[in-house]
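Trainee: The following file, target_10.pdb, comprises PDB, C-alpha atoms:
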ATOM      1  CA  MET A   1       0.000   0.000   0.000  1.00  0.00           C
ATOM      2  CA  VAL A   2       2.761   2.435   0.956  1.00  0.00           C
ATOM      3  CA  GLN A   3       4.892   1.576  -2.077  1.00  0.00           C
ATOM      4  CA  SER A   4       1.932   2.110  -4.404  1.00  0.00           C
ATOM      5  CA  ALA A   5       1.061   5.432  -2.753  1.00  0.00           C
ATOM      6  CA  ILE A   6       4.632   6.694  -3.097  1.00  0.00           C
ATOM      7  CA  GLU A   7       4.728   5.670  -6.780  1.00  0.00           C
ATOM      8  CA  PHE A   8       1.579   7.673  -7.540  1.00  0.00           C
ATOM      9  CA  GLY A   9       2.978  10.573  -5.504  1.00  0.00           C
ATOM     10  CA  GLU A  10       6.148  10.548  -7.592  1.00  0.00           C
ATOM     11  CA  ILE A  11       4.091  10.646 -10.807  1.00  0.00           C
ATOM     12  CA  CYS A  12       2.227  13.724  -9.549  1.00  0.00           C
ATOM     13  CA  ARG A  13       5.465  15.419  -8.485  1.00  0.00           C
ATOM     14  CA  LYS A  14       7.043  14.621 -11.855  1.00  0.00           C
ATOM     15  CA  HIS A  15       4.358  16.805 -13.443  1.00  0.00           C
ATOM     16  CA  ASP A  16       4.746  19.460 -10.729  1.00  0.00           C
ATOM     17  CA  TYR A  17       1.294  18.661  -9.361  1.00  0.00           C
ATOM     18  CA  HIS A  18       1.106  18.886  -5.578  1.00  0.00           C
ATOM     19  CA  ASN A  19      -2.598  19.369  -4.871  1.00  0.00           C
ATOM     20  CA  PHE A  20      -3.202  15.835  -3.542  1.00  0.00           C
ATOM     21  CA  LEU A  21      -3.391  13.912  -0.285  1.00  0.00           C
ATOM     22  CA  PHE A  22      -2.857  10.297   0.769  1.00  0.00           C
ATOM     23  CA  SER A  23      -5.586   7.951   1.995  1.00  0.00           C
ATOM     24  CA  MET A  24      -4.497   4.485   3.180  1.00  0.00           C
ATOM     25  CA  LYS A  25      -7.911   3.187   4.219  1.00  0.00           C
ATOM     26  CA  SER A  26      -8.461  -0.460   5.091  1.00  0.00           C
ATOM     27  CA  SER A  27     -11.363  -2.323   6.676  1.00  0.00           C
ATOM     28  CA  ASN A  28      -8.847  -3.805   9.152  1.00  0.00           C
ATOM     29  CA  PRO A  29      -7.836  -1.185  11.763  1.00  0.00           C
ATOM     30  CA  GLN A  30      -4.490  -2.876  12.405  1.00  0.00           C
ATOM     31  CA  VAL A  31      -3.542  -2.824   8.710  1.00  0.00           C
ATOM     32  CA  MET A  32      -4.764   0.753   8.413  1.00  0.00           C
ATOM     33  CA  VAL A  33      -2.716   1.976  11.399  1.00  0.00           C
ATOM     34  CA  GLN A  34       0.457   0.260  10.224  1.00  0.00           C
ATOM     35  CA  ALA A  35       0.041   1.582   6.681  1.00  0.00           C
ATOM     36  CA  TYR A  36      -0.350   5.206   7.804  1.00  0.00           C
ATOM     37  CA  ARG A  37       2.590   4.946  10.204  1.00  0.00           C
ATOM     38  CA  LYS A  38       4.825   3.503   7.485  1.00  0.00           C
ATOM     39  CA  LEU A  39       3.672   6.186   5.045  1.00  0.00           C
ATOM     40  CA  ALA A  40       4.422   8.939   7.566  1.00  0.00           C
ATOM     41  CA  GLU A  41       7.877   7.434   8.112  1.00  0.00           C
ATOM     42  CA  LYS A  42       8.470   7.288   4.351  1.00  0.00           C
ATOM     43  CA  GLN A  43       7.373  10.910   3.902  1.00  0.00           C
ATOM     44  CA  TYR A  44       9.894  11.950   6.568  1.00  0.00           C
ATOM     45  CA  GLU A  45      12.629  10.094   4.666  1.00  0.00           C
ATOM     46  CA  LEU A  46      11.711  11.754   1.356  1.00  0.00           C
ATOM     47  CA  GLY A  47      11.175  15.210   2.840  1.00  0.00           C
ATOM     48  CA  TRP A  48       7.521  15.204   1.786  1.00  0.00           C
ATOM     49  CA  ASP A  49       4.696  16.811   3.729  1.00  0.00           C
ATOM     50  CA  TYR A  50       1.474  15.861   1.954  1.00  0.00           C
ATOM     51  CA  PRO A  51      -1.669  15.670   4.090  1.00  0.00           C
ATOM     52  CA  MET A  52      -3.215  12.336   5.076  1.00  0.00           C
ATOM     53  CA  HIS A  53      -6.906  11.512   5.283  1.00  0.00           C
ATOM     54  CA  LEU A  54      -7.740   8.937   7.969  1.00  0.00           C
ATOM     55  CA  GLY A  55     -10.555   6.400   7.914  1.00  0.00           C
ATOM     56  CA  VAL A  56     -11.479   2.765   8.396  1.00  0.00           C
ATOM     57  CA  THR A  57     -13.295   1.481   5.299  1.00  0.00           C
ATOM     58  CA  GLU A  58     -16.692  -0.147   5.815  1.00  0.00           C
ATOM     59  CA  ALA A  59     -16.371   0.022   9.589  1.00  0.00           C
ATOM     60  CA  GLY A  60     -19.993  -1.116   9.985  1.00  0.00           C
ATOM     61  CA  GLY A  61     -22.784   0.315  12.091  1.00  0.00           C
ATOM     62  CA  GLY A  62     -23.726   0.776  15.710  1.00  0.00           C
ATOM     63  CA  ALA A  63     -21.144   0.332  18.445  1.00  0.00           C
ATOM     64  CA  ASP A  64     -18.985  -1.983  16.288  1.00  0.00           C
ATOM     65  CA  GLY A  65     -18.443   0.620  13.575  1.00  0.00           C
ATOM     66  CA  ARG A  66     -17.661   3.337  16.080  1.00  0.00           C
ATOM     67  CA  ILE A  67     -15.232   1.150  18.026  1.00  0.00           C
ATOM     68  CA  LYS A  68     -13.320   0.057  14.892  1.00  0.00           C
ATOM     69  CA  SER A  69     -13.036   3.674  13.744  1.00  0.00           C
ATOM     70  CA  ALA A  70     -11.966   4.888  17.188  1.00  0.00           C
ATOM     71  CA  VAL A  71      -9.253   2.232  17.429  1.00  0.00           C
ATOM     72  CA  GLY A  72      -7.796   3.033  14.004  1.00  0.00           C
ATOM     73  CA  ILE A  73      -8.303   6.791  13.693  1.00  0.00           C
ATOM     74  CA  GLY A  74      -7.784   7.489  17.400  1.00  0.00           C
ATOM     75  CA  ALA A  75      -4.449   5.672  17.543  1.00  0.00           C
ATOM     76  CA  LEU A  76      -3.097   7.689  14.614  1.00  0.00           C
ATOM     77  CA  LEU A  77      -4.387  11.032  15.912  1.00  0.00           C
ATOM     78  CA  GLN A  78      -2.637  10.296  19.214  1.00  0.00           C
ATOM     79  CA  ASP A  79       0.537   9.749  17.149  1.00  0.00           C
ATOM     80  CA  GLY A  80       0.087  13.194  15.607  1.00  0.00           C
ATOM     81  CA  ILE A  81      -0.705  11.645  12.211  1.00  0.00           C
ATOM     82  CA  GLY A  82      -3.650  12.750  10.095  1.00  0.00           C
ATOM     83  CA  ASP A  83      -5.110  15.969   8.695  1.00  0.00           C
ATOM     84  CA  THR A  84      -8.719  15.020   7.897  1.00  0.00           C
ATOM     85  CA  ILE A  85     -10.871  12.158   9.140  1.00  0.00           C
ATOM     86  CA  ARG A  86     -14.090  10.342   8.275  1.00  0.00           C
ATOM     87  CA  VAL A  87     -15.935   7.687  10.286  1.00  0.00           C
ATOM     88  CA  SER A  88     -17.579   5.437   7.659  1.00  0.00           C
ATOM     89  CA  LEU A  89     -20.775   3.951   9.093  1.00  0.00           C
ATOM     90  CA  THR A  90     -23.444   1.832   7.436  1.00  0.00           C
ATOM     91  CA  GLU A  91     -25.982   4.365   8.700  1.00  0.00           C
ATOM     92  CA  ASP A  92     -27.420   7.651   7.457  1.00  0.00           C
ATOM     93  CA  PRO A  93     -24.584  10.140   6.759  1.00  0.00           C
ATOM     94  CA  GLU A  94     -25.615  12.586   9.488  1.00  0.00           C
ATOM     95  CA  TYR A  95     -24.725   9.986  12.144  1.00  0.00           C
ATOM     96  CA  GLU A  96     -21.069  10.055  11.063  1.00  0.00           C
ATOM     97  CA  ALA A  97     -20.485  13.592  12.305  1.00  0.00           C
ATOM     98  CA  ALA A  98     -20.727  12.990  16.074  1.00  0.00           C
ATOM     99  CA  PRO A  99     -18.009  10.290  16.316  1.00  0.00           C
ATOM    100  CA  CYS A 100     -15.761  12.398  14.065  1.00  0.00           C
ATOM    101  CA  LYS A 101     -16.115  15.360  16.407  1.00  0.00           C
ATOM    102  CA  ALA A 102     -15.482  13.140  19.446  1.00  0.00           C
ATOM    103  CA  LEU A 103     -12.253  11.805  17.908  1.00  0.00           C
ATOM    104  CA  ARG A 104     -11.190  15.315  16.909  1.00  0.00           C
ATOM    105  CA  ASP A 105     -11.722  16.535  20.485  1.00  0.00           C
ATOM    106  CA  VAL A 106      -9.592  13.684  21.840  1.00  0.00           C
ATOM    107  CA  ALA A 107      -6.795  14.715  19.481  1.00  0.00           C
ATOM    108  CA  VAL A 108      -7.111  18.400  20.412  1.00  0.00           C
ATOM    109  CA  ARG A 109      -6.839  17.563  24.131  1.00  0.00           C
ATOM    110  CA  SER A 110      -3.620  15.671  23.378  1.00  0.00           C
ATOM    111  CA  TRP A 111      -1.810  18.567  21.706  1.00  0.00           C
ATOM    112  CA  ASP A 112       1.639  19.242  23.188  1.00  0.00           C
ATOM    113  CA  LYS A 113       1.238  16.228  25.473  1.00  0.00           C
ATOM    114  CA  GLY A 114       3.202  13.029  25.219  1.00  0.00           C
ATOM    115  CA  VAL A 115       4.882  10.390  27.311  1.00  0.00           C
ATOM    116  CA  GLN A 116       8.330  10.411  28.817  1.00  0.00           C
ATOM    117  CA  SER A 117      10.928   8.434  26.872  1.00  0.00           C
ATOM    118  CA  PHE A 118      11.233   4.867  28.086  1.00  0.00           C
ATOM    119  CA  GLU A 119      13.093   1.735  27.077  1.00  0.00           C
ATOM    120  CA  GLU A 120      11.167  -1.166  25.569  1.00  0.00           C
ATOM    121  CA  THR A 121      12.712  -4.571  26.173  1.00  0.00           C
ATOM    122  CA  ASN A 122      10.051  -6.889  24.748  1.00  0.00           C
ATOM    123  CA  GLY A 123      11.121  -6.639  21.103  1.00  0.00           C
ATOM    124  CA  ARG A 124       7.738  -5.283  20.015  1.00  0.00           C
ATOM    125  CA  ARG A 125       9.284  -2.554  17.858  1.00  0.00           C
ATOM    126  CA  GLU A 126      11.399  -5.146  16.052  1.00  0.00           C
ATOM    127  CA  GLY A 127       8.304  -7.112  15.105  1.00  0.00           C
ATOM    128  CA  ALA A 128       8.641  -9.796  17.779  1.00  0.00           C
ATOM    129  CA  LYS A 129       5.123 -10.601  18.981  1.00  0.00           C
ATOM    130  CA  ALA A 130       4.049 -13.493  21.163  1.00  0.00           C
ATOM    131  CA  ARG A 131       0.805 -14.226  22.960  1.00  0.00           C
ATOM    132  CA  ARG A 132       1.163 -15.133  26.614  1.00  0.00           C
ATOM    133  CA  LYS A 133       0.161 -18.762  27.106  1.00  0.00           C
ATOM    134  CA  CYS A 134      -2.950 -19.020  29.244  1.00  0.00           C
ATOM    135  CA  ASP A 135      -4.655 -22.336  29.935  1.00  0.00           C
ATOM    136  CA  TYR A 136      -7.886 -22.578  31.906  1.00  0.00           C
ATOM    137  CA  PRO A 137      -9.640 -25.744  33.110  1.00  0.00           C
ATOM    138  CA  LEU A 138     -12.661 -26.605  30.969  1.00  0.00           C
ATOM    139  CA  ASP A 139     -15.134 -25.710  33.708  1.00  0.00           C
ATOM    140  CA  VAL A 140     -13.723 -22.226  34.375  1.00  0.00           C
ATOM    141  CA  PRO A 141     -15.824 -19.704  32.382  1.00  0.00           C
ATOM    142  CA  LEU A 142     -12.976 -17.667  30.920  1.00  0.00           C
ATOM    143  CA  ASN A 143     -11.826 -17.291  27.323  1.00  0.00           C
ATOM    144  CA  VAL A 144      -8.120 -17.371  26.388  1.00  0.00           C
ATOM    145  CA  ASP A 145      -8.797 -14.598  23.834  1.00  0.00           C
ATOM    146  CA  GLY A 146     -10.196 -12.303  26.540  1.00  0.00           C
ATOM    147  CA  SER A 147     -13.392 -12.620  28.549  1.00  0.00           C
ATOM    148  CA  VAL A 148     -16.450 -10.359  28.520  1.00  0.00           C
ATOM    149  CA  LEU A 149     -18.344 -10.231  31.815  1.00  0.00           C
ATOM    150  CA  THR A 150     -21.572  -8.463  32.707  1.00  0.00           C
ATOM    151  CA  LYS A 151     -23.302  -7.924  36.042  1.00  0.00           C
ATOM    152  CA  ILE A 152     -27.011  -8.326  36.787  1.00  0.00           C
ATOM    153  CA  SER A 153     -29.057  -8.393  39.981  1.00  0.00           C
ATOM    154  CA  ALA A 154     -30.781 -11.608  41.044  1.00  0.00           C
ATOM    155  CA  LYS A 155     -34.125  -9.770  41.028  1.00  0.00           C
ATOM    156  CA  GLU A 156     -33.682  -8.562  37.449  1.00  0.00           C
ATOM    157  CA  LEU A 157     -32.643 -12.030  36.248  1.00  0.00           C
ATOM    158  CA  LYS A 158     -35.670 -13.602  37.955  1.00  0.00           C
ATOM    159  CA  ASP A 159     -38.082 -11.424  35.924  1.00  0.00           C
ATOM    160  CA  MET A 160     -36.480 -12.215  32.543  1.00  0.00           C
ATOM    161  CA  ASP A 161     -37.938 -14.652  30.027  1.00  0.00           C
ATOM    162  CA  THR A 162     -35.765 -16.503  27.511  1.00  0.00           C
ATOM    163  CA  LYS A 163     -36.066 -13.803  24.831  1.00  0.00           C
ATOM    164  CA  ALA A 164     -35.118 -11.056  27.285  1.00  0.00           C
ATOM    165  CA  MET A 165     -32.050 -13.028  28.417  1.00  0.00           C
ATOM    166  CA  CYS A 166     -30.970 -13.495  24.803  1.00  0.00           C
ATOM    167  CA  ASN A 167     -31.272  -9.762  24.131  1.00  0.00           C
ATOM    168  CA  ARG A 168     -29.436  -8.827  27.324  1.00  0.00           C
ATOM    169  CA  PHE A 169     -26.535 -11.272  26.960  1.00  0.00           C
ATOM    170  CA  GLY A 170     -26.128 -11.296  23.164  1.00  0.00           C
ATOM    171  CA  LEU A 171     -27.350 -14.874  22.762  1.00  0.00           C
ATOM    172  CA  ARG A 172     -29.058 -16.305  19.676  1.00  0.00           C
ATOM    173  CA  LEU A 173     -32.637 -17.557  19.992  1.00  0.00           C
ATOM    174  CA  ARG A 174     -33.392 -20.026  17.217  1.00  0.00           C
ATOM    175  CA  ALA A 175     -36.828 -20.584  15.680  1.00  0.00           C
ATOM    176  CA  ASP A 176     -37.127 -23.847  17.644  1.00  0.00           C
ATOM    177  CA  MET A 177     -36.517 -21.804  20.861  1.00  0.00           C
ATOM    178  CA  ASP A 178     -33.074 -23.352  21.324  1.00  0.00           C
ATOM    179  CA  VAL A 179     -30.552 -20.837  22.720  1.00  0.00           C
ATOM    180  CA  GLN A 180     -27.006 -20.687  21.337  1.00  0.00           C
ATOM    181  CA  LYS A 181     -23.936 -18.526  21.828  1.00  0.00           C
ATOM    182  CA  ASP A 182     -23.074 -16.038  19.103  1.00  0.00           C
ATOM    183  CA  TRP A 183     -19.876 -14.125  18.295  1.00  0.00           C
ATOM    184  CA  LYS A 184     -21.191 -11.166  20.318  1.00  0.00           C
ATOM    185  CA  SER A 185     -22.325 -13.196  23.335  1.00  0.00           C
ATOM    186  CA  ILE A 186     -21.269 -12.511  26.923  1.00  0.00           C
ATOM    187  CA  ASP A 187     -18.792 -15.059  28.336  1.00  0.00           C
ATOM    188  CA  VAL A 188     -19.749 -14.736  31.997  1.00  0.00           C
ATOM    189  CA  VAL A 189     -22.762 -13.345  33.862  1.00  0.00           C
ATOM    190  CA  VAL A 190     -22.098 -12.146  37.424  1.00  0.00           C
ATOM    191  CA  VAL A 191     -25.320 -12.435  39.450  1.00  0.00           C
ATOM    192  CA  ASP A 192     -25.489 -10.066  42.407  1.00  0.00           C
ATOM    193  CA  GLY A 193     -27.719 -10.957  45.350  1.00  0.00           C
ATOM    194  CA  THR A 194     -29.288 -13.978  47.007  1.00  0.00           C
ATOM    195  CA  ILE A 195     -30.079 -16.860  44.665  1.00  0.00           C
ATOM    196  CA  SER A 196     -33.708 -17.934  45.083  1.00  0.00           C
ATOM    197  CA  ALA A 197     -35.173 -21.079  43.498  1.00  0.00           C
ATOM    198  CA  PRO A 198     -36.549 -19.209  40.396  1.00  0.00           C
ATOM    199  CA  VAL A 199     -33.182 -17.478  39.906  1.00  0.00           C
ATOM    200  CA  GLY A 200     -31.450 -20.850  40.200  1.00  0.00           C
ATOM    201  CA  ILE A 201     -33.557 -22.100  37.273  1.00  0.00           C
ATOM    202  CA  LYS A 202     -32.500 -19.089  35.155  1.00  0.00           C
ATOM    203  CA  ILE A 203     -28.847 -19.729  36.044  1.00  0.00           C
ATOM    204  CA  LYS A 204     -29.218 -23.363  34.941  1.00  0.00           C
ATOM    205  CA  GLU A 205     -30.597 -22.134  31.587  1.00  0.00           C
ATOM    206  CA  LEU A 206     -27.510 -19.966  31.101  1.00  0.00           C
ATOM    207  CA  LEU A 207     -25.130 -22.767  32.096  1.00  0.00           C
ATOM    208  CA  ASP A 208     -26.776 -25.069  29.552  1.00  0.00           C
ATOM    209  CA  VAL A 209     -26.082 -22.639  26.651  1.00  0.00           C
ATOM    210  CA  PRO A 210     -23.198 -22.624  27.868  1.00  0.00           C
ATOM    211  CA  VAL A 211     -22.622 -19.213  29.467  1.00  0.00           C
ATOM    212  CA  GLY A 212     -20.524 -18.979  32.635  1.00  0.00           C
ATOM    213  CA  VAL A 213     -22.258 -17.751  35.789  1.00  0.00           C
ATOM    214  CA  ILE A 214     -20.599 -16.325  38.909  1.00  0.00           C
ATOM    215  CA  CYS A 215     -22.710 -15.953  42.044  1.00  0.00           C
ATOM    216  CA  LYS A 216     -22.626 -16.234  45.811  1.00  0.00           C
ATOM    217  CA  PRO A 217     -23.066 -19.736  47.260  1.00  0.00           C
ATOM    218  CA  GLY A 218     -26.492 -20.924  48.372  1.00  0.00           C
ATOM    219  CA  PRO A 219     -28.810 -23.953  48.395  1.00  0.00           C
ATOM    220  CA  ASN A 220     -30.444 -22.953  45.095  1.00  0.00           C
ATOM    221  CA  VAL A 221     -27.219 -22.521  43.098  1.00  0.00           C
ATOM    222  CA  PRO A 222     -27.036 -25.233  40.381  1.00  0.00           C
ATOM    223  CA  GLU A 223     -23.972 -27.367  39.816  1.00  0.00           C
ATOM    224  CA  GLY A 224     -21.534 -25.794  37.375  1.00  0.00           C
ATOM    225  CA  ALA A 225     -21.938 -22.206  38.565  1.00  0.00           C
ATOM    226  CA  THR A 226     -18.771 -20.528  39.823  1.00  0.00           C
ATOM    227  CA  LEU A 227     -19.063 -19.637  43.501  1.00  0.00           C
ATOM    228  CA  MET A 228     -17.847 -16.216  44.652  1.00  0.00           C
ATOM    229  CA  TYR A 229     -16.231 -15.670  48.060  1.00  0.00           C
ATOM    230  CA  GLN A 230     -14.534 -12.724  49.702  1.00  0.00           C
ATOM    231  CA  ALA A 231     -10.907 -13.822  50.018  1.00  0.00           C
ATOM    232  CA  SER A 232     -10.763 -12.518  53.600  1.00  0.00           C
ATOM    233  CA  ALA A 233     -13.574 -14.907  54.579  1.00  0.00           C
ATOM    234  CA  VAL A 234     -11.806 -18.046  53.302  1.00  0.00           C
ATOM    235  CA  SER A 235      -9.714 -19.584  56.068  1.00  0.00           C
ATOM    236  CA  GLU A 236      -9.201 -23.133  54.745  1.00  0.00           C
ATOM    237  CA  ASP A 237      -8.878 -24.980  51.433  1.00  0.00           C
ATOM    238  CA  LEU A 238     -11.994 -25.051  49.254  1.00  0.00           C
ATOM    239  CA  GLU A 239     -13.124 -28.414  47.937  1.00  0.00           C
ATOM    240  CA  GLU A 240     -12.633 -29.066  44.234  1.00  0.00           C
ATOM    241  CA  ARG A 241     -15.950 -28.702  42.409  1.00  0.00           C
ATOM    242  CA  LEU A 242     -17.419 -28.262  38.930  1.00  0.00           C
ATOM    243  CA  GLY A 243     -17.372 -24.538  38.082  1.00  0.00           C
ATOM    244  CA  GLY A 244     -14.642 -23.686  40.544  1.00  0.00           C
ATOM    245  CA  TYR A 245     -14.469 -20.536  42.643  1.00  0.00           C
ATOM    246  CA  VAL A 246     -13.923 -16.789  42.387  1.00  0.00           C
ATOM    247  CA  LEU A 247     -12.050 -15.033  45.187  1.00  0.00           C
ATOM    248  CA  VAL A 248     -12.595 -11.294  45.557  1.00  0.00           C
ATOM    249  CA  PHE A 249      -9.569  -9.427  46.893  1.00  0.00           C
ATOM    250  CA  THR A 250      -9.998  -5.928  48.288  1.00  0.00           C
ATOM    251  CA  GLY A 251      -7.144  -3.546  49.068  1.00  0.00           C
TER     252      GLY A 251
END
Spell out the structure here as structure tokens.
Mentor:
Amino acid sequence: MVQSAIEFGEICRKHDYHNFLFSMKSSNPQVMVQAYRKLAEKQYELGWDYPMHLGVTEAGGGADGRIKSAVGIGALLQDGIGDTIRVSLTEDPEYEAAPCKALRDVAVRSWDKGVQSFEETNGRREGAKARRKCDYPLDVPLNVDGSVLTKISAKELKDMDTKAMCNRFGLRLRADMDVQKDWKSIDVVVVDGTISAPVGIKIKELLDVPVGVICKPGPNVPEGATLMYQASAVSEDLEERLGGYVLVFTG
């Protein structure tokens, strides 16, 4: 992408035409960020100073589109790269203005601010990347790629029907009323409060999907739920059980 952009720039300069800018858009924010950074580096080497238009192509709609655009455009603005921006949403055009202004304001607040120089020892700048190995037992409701948790009160969960639970936790309700996880589903639901018998039934429904559930211990908690204890209240070893335990540390 950078090589192609420079070639077209050289053609324009050959004909003494300088009224152009660069746009290195990609639908992948990581590719987009790397392309703009490499282009900025190349412009420094060549002594060029042509403006750059930032954007993530086909970012999508709703929260997803805004998050993808914020990750890509925001990272570059914080680097001091970029002259104009556009947040491309699959929505009516007027909805693109607000996230653009929000990103612009973030960049403005960052003017003349940076971080102190520091030494990096992990090889990241040299292209050495490695994911930390993280293995969980099968019954522990965490995801090695990162876990999404949400909190709900026992009372609120008790009053939910299956459709409401699917909407709240990003689950997929099939036509045959079977509930399945989707790519946007919550990994773990943290239930706050005392678990009554009706709430225990709702927790069992979630565990059967399967969605992890963390709650306080009680007689109505189904097998497979992860029990939550204050670490200060645990004075002896906890028995091994399906679902395991969560210890809450304070201080």
Trainee: Run the PyMOL selection byres ((chain A and resi 98-102) around 12) on the file and write out the hits as a PyMOL selection string.
Mentor: chain A and resi 54-56+61-63+65-71+73-74+77+84-89+93-97+103-109
Trainee: Rounded to one decimal, what separation in Å do you get between atom CA of Lys202 of chain A and atom CA of Thr226 of chain A?
Mentor: 14.6 Å
Trainee: Determine, counting only C-alpha atoms, which protein, DNA and RNA residues have an atom within 10 Å of an atom of Ile203 of chain A; residues of the same chain fewer than 5 positions away are not included. Present the result as a list in words.
Mentor: Ala154, Leu157, Lys158, Val189, Val191, Ile195, Ala197, Pro198, Asp208, Val211, Gly212, Val213, Ile214, Cys215, Asn220, Val221, Pro222, Glu223, Gly224 and Ala225 of chain A
Trainee: Please dump the current selection as a short mmCIF file (atom, residue, chain, number, x, y, z; two decimals), keeping the file's coordinate frame; keep C-alpha atoms.
Mentor:
data_model
loop_
_atom_site.label_atom_id
_atom_site.label_comp_id
_atom_site.auth_asym_id
_atom_site.auth_seq_id
_atom_site.Cartn_x
_atom_site.Cartn_y
_atom_site.Cartn_z
CA ALA A 154 -30.78 -11.61 41.04
CA LEU A 157 -32.64 -12.03 36.25
CA LYS A 158 -35.67 -13.60 37.96
CA VAL A 189 -22.76 -13.34 33.86
CA VAL A 191 -25.32 -12.44 39.45
CA ILE A 195 -30.08 -16.86 44.66
CA ALA A 197 -35.17 -21.08 43.50
CA PRO A 198 -36.55 -19.21 40.40
CA ASP A 208 -26.78 -25.07 29.55
CA VAL A 211 -22.62 -19.21 29.47
CA GLY A 212 -20.52 -18.98 32.64
CA VAL A 213 -22.26 -17.75 35.79
CA ILE A 214 -20.60 -16.32 38.91
CA CYS A 215 -22.71 -15.95 42.04
CA ASN A 220 -30.44 -22.95 45.10
CA VAL A 221 -27.22 -22.52 43.10
CA PRO A 222 -27.04 -25.23 40.38
CA GLU A 223 -23.97 -27.37 39.82
CA GLY A 224 -21.53 -25.79 37.38
CA ALA A 225 -21.94 -22.21 38.56
#
Trainee: Report as a list in words all protein, DNA and RNA residues lying within 12 Å of Leu142 of chain A, evaluated on all atoms listed in the file, omitting residues in the same chain fewer than 5 positions from it.
Mentor: Cys134, Asp135, Tyr136, Pro137, Ser147, Val148, Leu149, Ile186, Asp187, Val188, Val189, Pro210, Val211, Gly212, Val213, Ile214, Thr226, Gly243, Gly244 and Val246 of chain A
Trainee: Could you save the residues just selected, with C-alpha atoms, as a PDB file, keeping the file's coordinate frame?
Mentor:
ATOM      1  CA  CYS A 134      -2.950 -19.020  29.244  1.00  0.00           C
ATOM      2  CA  ASP A 135      -4.655 -22.336  29.935  1.00  0.00           C
ATOM      3  CA  TYR A 136      -7.886 -22.578  31.906  1.00  0.00           C
ATOM      4  CA  PRO A 137      -9.640 -25.744  33.110  1.00  0.00           C
ATOM      5  CA  SER A 147     -13.392 -12.620  28.549  1.00  0.00           C
ATOM      6  CA  VAL A 148     -16.450 -10.359  28.520  1.00  0.00           C
ATOM      7  CA  LEU A 149     -18.344 -10.231  31.815  1.00  0.00           C
ATOM      8  CA  ILE A 186     -21.269 -12.511  26.923  1.00  0.00           C
ATOM      9  CA  ASP A 187     -18.792 -15.059  28.336  1.00  0.00           C
ATOM     10  CA  VAL A 188     -19.749 -14.736  31.997  1.00  0.00           C
ATOM     11  CA  VAL A 189     -22.762 -13.345  33.862  1.00  0.00           C
ATOM     12  CA  PRO A 210     -23.198 -22.624  27.868  1.00  0.00           C
ATOM     13  CA  VAL A 211     -22.622 -19.213  29.467  1.00  0.00           C
ATOM     14  CA  GLY A 212     -20.524 -18.979  32.635  1.00  0.00           C
ATOM     15  CA  VAL A 213     -22.258 -17.751  35.789  1.00  0.00           C
ATOM     16  CA  ILE A 214     -20.599 -16.325  38.909  1.00  0.00           C
ATOM     17  CA  THR A 226     -18.771 -20.528  39.823  1.00  0.00           C
ATOM     18  CA  GLY A 243     -17.372 -24.538  38.082  1.00  0.00           C
ATOM     19  CA  GLY A 244     -14.642 -23.686  40.544  1.00  0.00           C
ATOM     20  CA  VAL A 246     -13.923 -16.789  42.387  1.00  0.00           C
TER      21      VAL A 246
END
Trainee: Counting only C-alpha atoms, figure out which residue out of A:Met24, A:Leu46, A:Met160, A:Ala40 gets nearest to Met1 of chain A.
Mentor: A:Met24
Trainee: For a test of reading the model, state the distance in Å between atom CA of Asn167 of chain A and atom CA of Ser153 of chain A, rounded to one decimal.
Mentor: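 Rounded to one decimal, the two atoms are 16.1 Å apart.
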Trainee: Any idea what the distance is between atom CA of Asp16 of chain A and atom CA of Asp83 of chain A?
Mentor: 22.1 Å
Trainee: Name the closest residue to Gly82 of chain A among the candidates A:Met177, A:Val234, A:Met52, A:Met32; distances are taken between atoms, counting all atoms listed in the file.
Mentor: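 The closest residue to Gly82 of chain A is A:Met52.
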